[in-house]
file my_file29.cif (mmCIF, C-alpha atoms)
data_query
loop_
_atom_site.label_atom_id
_atom_site.label_comp_id
_atom_site.auth_asym_id
_atom_site.auth_seq_id
_atom_site.Cartn_x
_atom_site.Cartn_y
_atom_site.Cartn_z
CA ASP I 17 0.00 0.00 0.00
CA ASN I 18 1.04 3.65 0.02
CA ARG I 19 2.67 3.22 3.45
CA GLY I 20 4.91 0.33 2.32
CA ARG I 21 2.86 -2.38 4.05
CA LEU I 22 1.93 -5.69 2.41
CA PRO I 23 -1.75 -6.14 3.34
CA LEU I 24 -2.25 -9.39 1.40
CA LEU I 25 0.79 -10.91 3.08
CA ALA I 26 -0.44 -10.17 6.62
CA PRO I 27 -2.89 -13.09 7.03
CA MET I 28 -0.45 -15.47 5.34
CA SER I 29 2.25 -14.33 7.77
CA ASP I 30 -0.03 -14.97 10.75
CA ILE I 31 -0.64 -18.50 9.47
CA ALA I 32 3.05 -19.12 8.74
CA GLY I 33 4.05 -17.96 12.23
CA ARG I 34 1.53 -20.22 13.93
CA LEU I 35 2.36 -23.18 11.69
CA SER I 36 6.08 -22.78 12.40
CA VAL I 37 5.41 -23.46 16.09
CA GLN I 38 3.00 -26.32 15.41
CA ILE I 39 5.39 -27.99 12.98
CA GLY I 40 8.38 -27.29 15.22
CA THR I 41 6.59 -28.85 18.18
CA HIS I 42 5.92 -31.97 16.12
CA LEU I 43 9.52 -32.18 14.88
CA LEU I 44 10.83 -31.96 18.45
CA HIS I 45 9.26 -35.35 19.19
CA SER I 46 11.69 -38.27 19.16
CA PRO I 47 10.07 -40.22 16.28
CA GLN I 48 10.71 -37.19 14.01
CA GLY I 49 14.37 -36.97 15.03
CA GLY I 50 13.83 -34.30 17.67
CA ARG I 51 15.10 -34.04 21.22
CA GLY I 52 11.96 -35.61 22.64
CA LEU I 53 10.59 -32.67 24.53
CA MET I 54 7.31 -30.82 24.92
CA LEU I 55 7.62 -27.05 24.52
CA GLY I 56 5.39 -26.32 27.49
CA GLY I 57 7.10 -28.89 29.68
CA MET I 58 5.22 -30.66 32.43
CA ALA I 59 5.78 -31.70 36.01
CA LEU I 60 9.37 -32.91 36.50
CA THR I 61 10.51 -31.66 33.07
CA ASP I 62 11.77 -28.33 31.87
CA ARG I 63 9.98 -26.05 29.44
CA GLY I 64 11.36 -25.74 25.93
CA ARG I 65 13.21 -22.68 24.70
CA VAL I 66 12.02 -20.99 21.53
CA VAL I 67 14.02 -18.29 19.77
CA VAL I 68 12.24 -16.16 17.18
CA LEU I 69 14.14 -13.90 14.81
CA GLY I 70 11.83 -11.08 13.78
CA ALA I 71 8.88 -9.57 15.64
CA GLY I 72 6.68 -8.75 12.64
CA ARG I 73 3.43 -10.51 11.76
CA ALA I 74 4.92 -14.00 11.35
CA GLY I 75 7.44 -13.74 14.19
CA GLY I 76 4.87 -12.17 16.50
CA ALA I 77 2.36 -14.93 15.78
CA ALA I 78 5.05 -17.56 16.42
CA ALA I 79 6.17 -15.94 19.68
CA ARG I 80 2.62 -15.61 20.99
CA LEU I 81 1.68 -19.21 20.21
CA ALA I 82 4.92 -20.61 21.68
CA SER I 83 4.28 -18.50 24.79
CA ASP I 84 0.69 -19.73 25.02
CA LEU I 85 2.01 -23.30 24.93
CA GLY I 86 4.17 -22.48 27.95
CA ALA I 87 7.58 -22.30 26.27
CA ARG I 88 10.27 -19.83 27.29
CA VAL I 89 10.42 -17.49 24.30
CA THR I 90 13.10 -15.04 23.25
CA VAL I 91 12.29 -12.83 20.28
CA PHE I 92 14.78 -10.56 18.54
CA ASP I 93 14.10 -7.51 16.38
CA LYS I 94 15.39 -3.99 15.80
CA ASN I 95 11.98 -2.32 16.13
CA PRO I 96 11.38 -1.18 19.75
CA ALA I 97 7.60 -0.85 19.28
CA ARG I 98 7.27 -4.45 18.11
CA LEU I 99 9.47 -5.67 20.95
CA GLU I 100 7.42 -3.74 23.51
CA ASP I 101 4.20 -5.26 22.14
CA LEU I 102 5.52 -8.80 22.54
CA HIS I 103 7.09 -8.09 25.93
CA SER I 104 3.74 -6.89 27.26
CA TYR I 105 1.93 -9.95 25.86
CA SER I 106 3.35 -12.47 28.29
CA PRO I 107 5.89 -12.69 31.11
CA ASN I 108 7.54 -15.70 29.43
CA ILE I 109 8.49 -13.65 26.33
CA ALA I 110 11.86 -11.91 26.47
CA ALA I 111 11.89 -9.27 23.73
CA LEU I 112 15.46 -8.24 22.92
CA TYR I 113 17.23 -5.98 20.47
CA ALA I 114 18.93 -8.01 17.73
CA TYR I 115 22.57 -7.83 18.80
CA HIS I 116 24.78 -10.47 17.19
CA GLN I 117 26.23 -11.79 20.47
CA SER I 118 22.82 -12.01 22.16
CA ILE I 119 21.43 -13.94 19.20
CA ALA I 120 24.39 -16.33 19.21
CA GLU I 121 23.92 -17.03 22.94
CA ALA I 122 20.17 -17.62 22.57
CA VAL I 123 20.58 -19.88 19.52
CA ALA I 124 22.99 -22.12 21.47
CA ARG I 125 20.25 -22.72 24.08
CA ALA I 126 17.31 -22.96 21.65
CA ASP I 127 15.23 -26.09 21.29
CA LEU I 128 13.28 -24.45 18.44
CA LEU I 129 14.67 -21.62 16.32
CA ILE I 130 12.23 -19.79 14.07
CA GLY I 131 13.46 -17.40 11.40
CA ALA I 132 10.85 -14.79 10.49
CA VAL I 133 12.80 -11.95 8.92
CA LEU I 134 11.29 -10.08 5.99
CA LEU I 135 12.78 -7.14 4.15
CA PRO I 136 10.21 -6.47 1.39
CA GLY I 137 11.76 -6.89 -2.03
CA LEU I 138 15.14 -7.97 -0.67
CA HIS I 139 16.87 -11.19 0.32
CA ALA I 140 16.59 -12.00 4.00
CA PRO I 141 19.80 -11.14 5.87
CA ARG I 142 21.81 -14.13 7.13
CA ILE I 143 21.49 -13.65 10.86
CA VAL I 144 22.32 -17.17 12.07
CA THR I 145 25.56 -18.68 10.79
CA ALA I 146 26.36 -22.36 10.35
CA GLU I 147 28.73 -22.00 13.32
CA MET I 148 25.80 -20.88 15.49
CA VAL I 149 23.71 -23.86 14.34
CA LYS I 150 26.58 -26.15 15.33
CA THR I 151 26.23 -24.91 18.93
CA MET I 152 22.62 -26.14 19.15
CA GLN I 153 21.89 -29.46 20.88
CA ALA I 154 21.34 -32.47 18.66
CA GLY I 155 17.66 -32.88 17.91
CA SER I 156 16.90 -29.18 18.13
CA VAL I 157 14.78 -27.76 15.30
CA VAL I 158 15.19 -24.86 12.87
CA ILE I 159 12.26 -23.51 10.87
CA ASP I 160 12.96 -20.54 8.62
CA ILE I 161 9.78 -18.88 7.36
CA SER I 162 11.91 -16.50 5.27
CA VAL I 163 13.30 -19.36 3.16
CA ASP I 164 11.51 -17.96 0.08
CA GLN I 165 13.70 -14.85 0.39
CA GLY I 166 16.87 -16.93 0.86
CA GLY I 167 16.42 -17.55 4.57
CA CYS I 168 17.97 -15.87 7.58
CA VAL I 169 19.67 -19.09 8.77
CA GLU I 170 22.77 -20.03 6.79
CA THR I 171 22.05 -23.78 6.89
CA ILE I 172 18.50 -23.50 5.56
CA HIS I 173 17.42 -24.50 2.07
CA ALA I 174 14.06 -25.11 0.45
CA THR I 175 12.32 -28.44 1.04
CA ASP I 176 9.27 -30.05 -0.53
CA TYR I 177 6.48 -32.41 0.47
CA ALA I 178 8.47 -35.47 -0.61
CA ASN I 179 11.44 -34.44 1.58
CA PRO I 180 10.11 -31.94 4.13
CA THR I 181 13.07 -32.02 6.53
CA TYR I 182 16.79 -32.67 6.63
CA VAL I 183 19.39 -32.85 9.41
CA GLN I 184 22.49 -30.71 9.37
CA HIS I 185 24.97 -30.50 12.28
CA GLY I 186 22.58 -32.75 14.22
CA VAL I 187 19.77 -30.17 13.97
CA VAL I 188 16.46 -30.91 12.23
CA HIS I 189 15.70 -28.29 9.57
#

call {"tool": "encode", "arguments": {"input": "my_file29.cif", "output": "structure tokens"}}
result
Amino acid sequence: DNRGRLPLLAPMSDIAGRLSVQIGTHLLHSPQGGRGLMLGGMALTDRGRVVVLGAGRAGGAAARLASDLGARVTVFDKNPARLEDLHSYSPNIAALYAYHQSIAEAVARADLLIGAVLLPGLHAPRIVTAEMVKTMQAGSVVIDISVDQGGCVETIHATDYANPTYVQHGVVH
């Protein structure tokens, strides 16, 4: 539109953000190659850690759903207004400015990493390097919604219905 927004993309982004958490939750189960954990945890087990890169429509939807499931969520962005919105949504969402070192530390602890970075008309910036992915625990999961724009995770590449996932550095993508 005349303000640079993408109104037709908004509902698709909401769906993609929610699906990223639902699919990520499924892939974290042992039969799918995951670590065998429930994001919300339960008595005698820890809650999962979800890291979301981007606090726009897709990233915000992902962070909210992961929070509603009981996960410990860290979302990164450079827009203070978006971060404030997510911070005020739930006490289990940490909304942080996207500093490289902070992202690297959070990725190393993530059970589920969701890339949701969109720069309209441009390739997504590579925020997470292969070296960062190597620091994740085996069986952790990466879902990069921005894969159509090249992805913001260096180890991501397009998949299809015949081969929907692959493992790289012990991490399910």

call {"tool": "resolve_selection", "arguments": {"input": "my_file29.cif", "expression": "the PyMOL selection byres ((chain I and resi 81) around 12)", "output": "PDB file with C-alpha atoms, in the frame of the given file"}}
result
ATOM      1  CA  ASP I  30      -0.030 -14.970  10.750  1.00  0.00           C
ATOM      2  CA  ILE I  31      -0.640 -18.500   9.470  1.00  0.00           C
ATOM      3  CA  ALA I  32       3.050 -19.120   8.740  1.00  0.00           C
ATOM      4  CA  GLY I  33       4.050 -17.960  12.230  1.00  0.00           C
ATOM      5  CA  ARG I  34       1.530 -20.220  13.930  1.00  0.00           C
ATOM      6  CA  LEU I  35       2.360 -23.180  11.690  1.00  0.00           C
ATOM      7  CA  SER I  36       6.080 -22.780  12.400  1.00  0.00           C
ATOM      8  CA  VAL I  37       5.410 -23.460  16.090  1.00  0.00           C
ATOM      9  CA  GLN I  38       3.000 -26.320  15.410  1.00  0.00           C
ATOM     10  CA  ILE I  39       5.390 -27.990  12.980  1.00  0.00           C
ATOM     11  CA  GLY I  40       8.380 -27.290  15.220  1.00  0.00           C
ATOM     12  CA  THR I  41       6.590 -28.850  18.180  1.00  0.00           C
ATOM     13  CA  LEU I  55       7.620 -27.050  24.520  1.00  0.00           C
ATOM     14  CA  GLY I  56       5.390 -26.320  27.490  1.00  0.00           C
ATOM     15  CA  VAL I  66      12.020 -20.990  21.530  1.00  0.00           C
ATOM     16  CA  VAL I  68      12.240 -16.160  17.180  1.00  0.00           C
ATOM     17  CA  ALA I  74       4.920 -14.000  11.350  1.00  0.00           C
ATOM     18  CA  GLY I  75       7.440 -13.740  14.190  1.00  0.00           C
ATOM     19  CA  GLY I  76       4.870 -12.170  16.500  1.00  0.00           C
ATOM     20  CA  ALA I  77       2.360 -14.930  15.780  1.00  0.00           C
ATOM     21  CA  ALA I  78       5.050 -17.560  16.420  1.00  0.00           C
ATOM     22  CA  ALA I  79       6.170 -15.940  19.680  1.00  0.00           C
ATOM     23  CA  ARG I  80       2.620 -15.610  20.990  1.00  0.00           C
ATOM     24  CA  ALA I  82       4.920 -20.610  21.680  1.00  0.00           C
ATOM     25  CA  SER I  83       4.280 -18.500  24.790  1.00  0.00           C
ATOM     26  CA  ASP I  84       0.690 -19.730  25.020  1.00  0.00           C
ATOM     27  CA  LEU I  85       2.010 -23.300  24.930  1.00  0.00           C
ATOM     28  CA  GLY I  86       4.170 -22.480  27.950  1.00  0.00           C
ATOM     29  CA  ALA I  87       7.580 -22.300  26.270  1.00  0.00           C
ATOM     30  CA  ARG I  88      10.270 -19.830  27.290  1.00  0.00           C
ATOM     31  CA  VAL I  89      10.420 -17.490  24.300  1.00  0.00           C
ATOM     32  CA  LEU I 102       5.520  -8.800  22.540  1.00  0.00           C
ATOM     33  CA  TYR I 105       1.930  -9.950  25.860  1.00  0.00           C
ATOM     34  CA  SER I 106       3.350 -12.470  28.290  1.00  0.00           C
ATOM     35  CA  ASN I 108       7.540 -15.700  29.430  1.00  0.00           C
ATOM     36  CA  ILE I 109       8.490 -13.650  26.330  1.00  0.00           C
TER      37      ILE I 109
END

call {"tool": "resolve_selection", "arguments": {"input": "my_file29.cif", "expression": "the PyMOL selection byres ((chain I and resi 112) around 10)", "output": "PyMOL selection string"}}
result
chain I and resi 69+71+90-96+99-100+102-103+109-111+113-115+118-119

call {"tool": "atom_distance", "arguments": {"input": "my_file29.cif", "atom1": "atom CA of Val149 of chain I", "atom2": "atom CA of Thr175 of chain I"}}
result
18.1 Å

call {"tool": "atom_distance", "arguments": {"input": "my_file29.cif", "atom1": "atom CA of Ala178 of chain I", "atom2": "atom CA of Pro47 of chain I"}}
result
17.6 Å

call {"tool": "residues_around", "arguments": {"input": "my_file29.cif", "residues": "Pro141 of chain I", "least_positions_apart": "4", "cutoff": "12 Å", "atoms": "all atoms listed in the file", "output": "PyMOL selection string"}}
result
chain I and resi 69-70+131-136+145+160+162-163+165-170

call {"tool": "build_atoms", "arguments": {"input": "my_file29.cif", "residues": "segment 22-33 of chain I", "atoms": "all heavy atoms", "output": "compact mmCIF listing (two decimals), in the coordinates of the input"}}
result
# COMPACT_ATOMS: atom_id res chain seq x y z
N LEU I 22 2.35 -4.63 3.32
CA LEU I 22 1.93 -5.69 2.41
C LEU I 22 0.65 -6.32 2.95
O LEU I 22 0.69 -7.37 3.59
CB LEU I 22 3.05 -6.72 2.27
CG LEU I 22 4.41 -6.17 1.82
CD1 LEU I 22 5.49 -7.21 2.00
CD2 LEU I 22 4.34 -5.70 0.39
N PRO I 23 -0.52 -5.68 2.70
CA PRO I 23 -1.75 -6.14 3.34
C PRO I 23 -2.17 -7.56 2.96
O PRO I 23 -2.78 -8.25 3.78
CB PRO I 23 -2.80 -5.11 2.91
CG PRO I 23 -2.23 -4.42 1.73
CD PRO I 23 -0.74 -4.51 1.86
N LEU I 24 -1.88 -8.02 1.78
CA LEU I 24 -2.25 -9.39 1.40
C LEU I 24 -1.35 -10.42 2.07
O LEU I 24 -1.73 -11.56 2.26
CB LEU I 24 -2.22 -9.57 -0.11
CG LEU I 24 -3.26 -8.76 -0.89
CD1 LEU I 24 -3.08 -8.95 -2.37
CD2 LEU I 24 -4.66 -9.14 -0.46
N LEU I 25 -0.16 -10.01 2.43
CA LEU I 25 0.79 -10.91 3.08
C LEU I 25 0.48 -11.08 4.57
O LEU I 25 0.85 -12.10 5.16
CB LEU I 25 2.22 -10.39 2.88
CG LEU I 25 3.36 -11.26 3.38
CD1 LEU I 25 3.34 -12.62 2.67
CD2 LEU I 25 4.68 -10.56 3.15
N ALA I 26 -0.21 -10.14 5.17
CA ALA I 26 -0.44 -10.17 6.62
C ALA I 26 -1.13 -11.45 7.10
O ALA I 26 -0.63 -12.10 8.02
CB ALA I 26 -1.22 -8.93 7.06
N PRO I 27 -2.28 -11.85 6.53
CA PRO I 27 -2.89 -13.09 7.03
C PRO I 27 -2.04 -14.32 6.75
O PRO I 27 -2.00 -15.25 7.56
CB PRO I 27 -4.24 -13.16 6.33
CG PRO I 27 -4.15 -12.23 5.17
CD PRO I 27 -3.11 -11.21 5.53
N MET I 28 -1.33 -14.33 5.63
CA MET I 28 -0.45 -15.47 5.34
C MET I 28 0.69 -15.53 6.34
O MET I 28 1.12 -16.62 6.74
CB MET I 28 0.09 -15.38 3.91
CG MET I 28 -0.99 -15.55 2.85
SD MET I 28 -0.38 -15.66 1.15
CE MET I 28 0.58 -14.18 0.97
N SER I 29 1.18 -14.38 6.78
CA SER I 29 2.25 -14.33 7.77
C SER I 29 1.77 -14.83 9.13
O SER I 29 2.50 -15.54 9.84
CB SER I 29 2.79 -12.91 7.90
OG SER I 29 3.39 -12.51 6.69
N ASP I 30 0.54 -14.46 9.50
CA ASP I 30 -0.03 -14.97 10.75
C ASP I 30 -0.08 -16.51 10.72
O ASP I 30 0.29 -17.17 11.69
CB ASP I 30 -1.44 -14.42 10.98
CG ASP I 30 -1.45 -12.97 11.41
OD1 ASP I 30 -0.44 -12.51 11.99
OD2 ASP I 30 -2.46 -12.30 11.17
N ILE I 31 -0.55 -17.04 9.61
CA ILE I 31 -0.64 -18.50 9.47
C ILE I 31 0.74 -19.13 9.51
O ILE I 31 0.96 -20.11 10.23
CB ILE I 31 -1.38 -18.87 8.16
CG1 ILE I 31 -2.85 -18.45 8.26
CG2 ILE I 31 -1.26 -20.36 7.86
CD1 ILE I 31 -3.59 -18.47 6.93
N ALA I 32 1.69 -18.56 8.77
CA ALA I 32 3.05 -19.12 8.74
C ALA I 32 3.69 -19.11 10.13
O ALA I 32 4.35 -20.07 10.53
CB ALA I 32 3.92 -18.34 7.75
N GLY I 33 3.49 -18.04 10.88
CA GLY I 33 4.05 -17.96 12.23
C GLY I 33 3.48 -19.03 13.14
O GLY I 33 4.21 -19.72 13.86
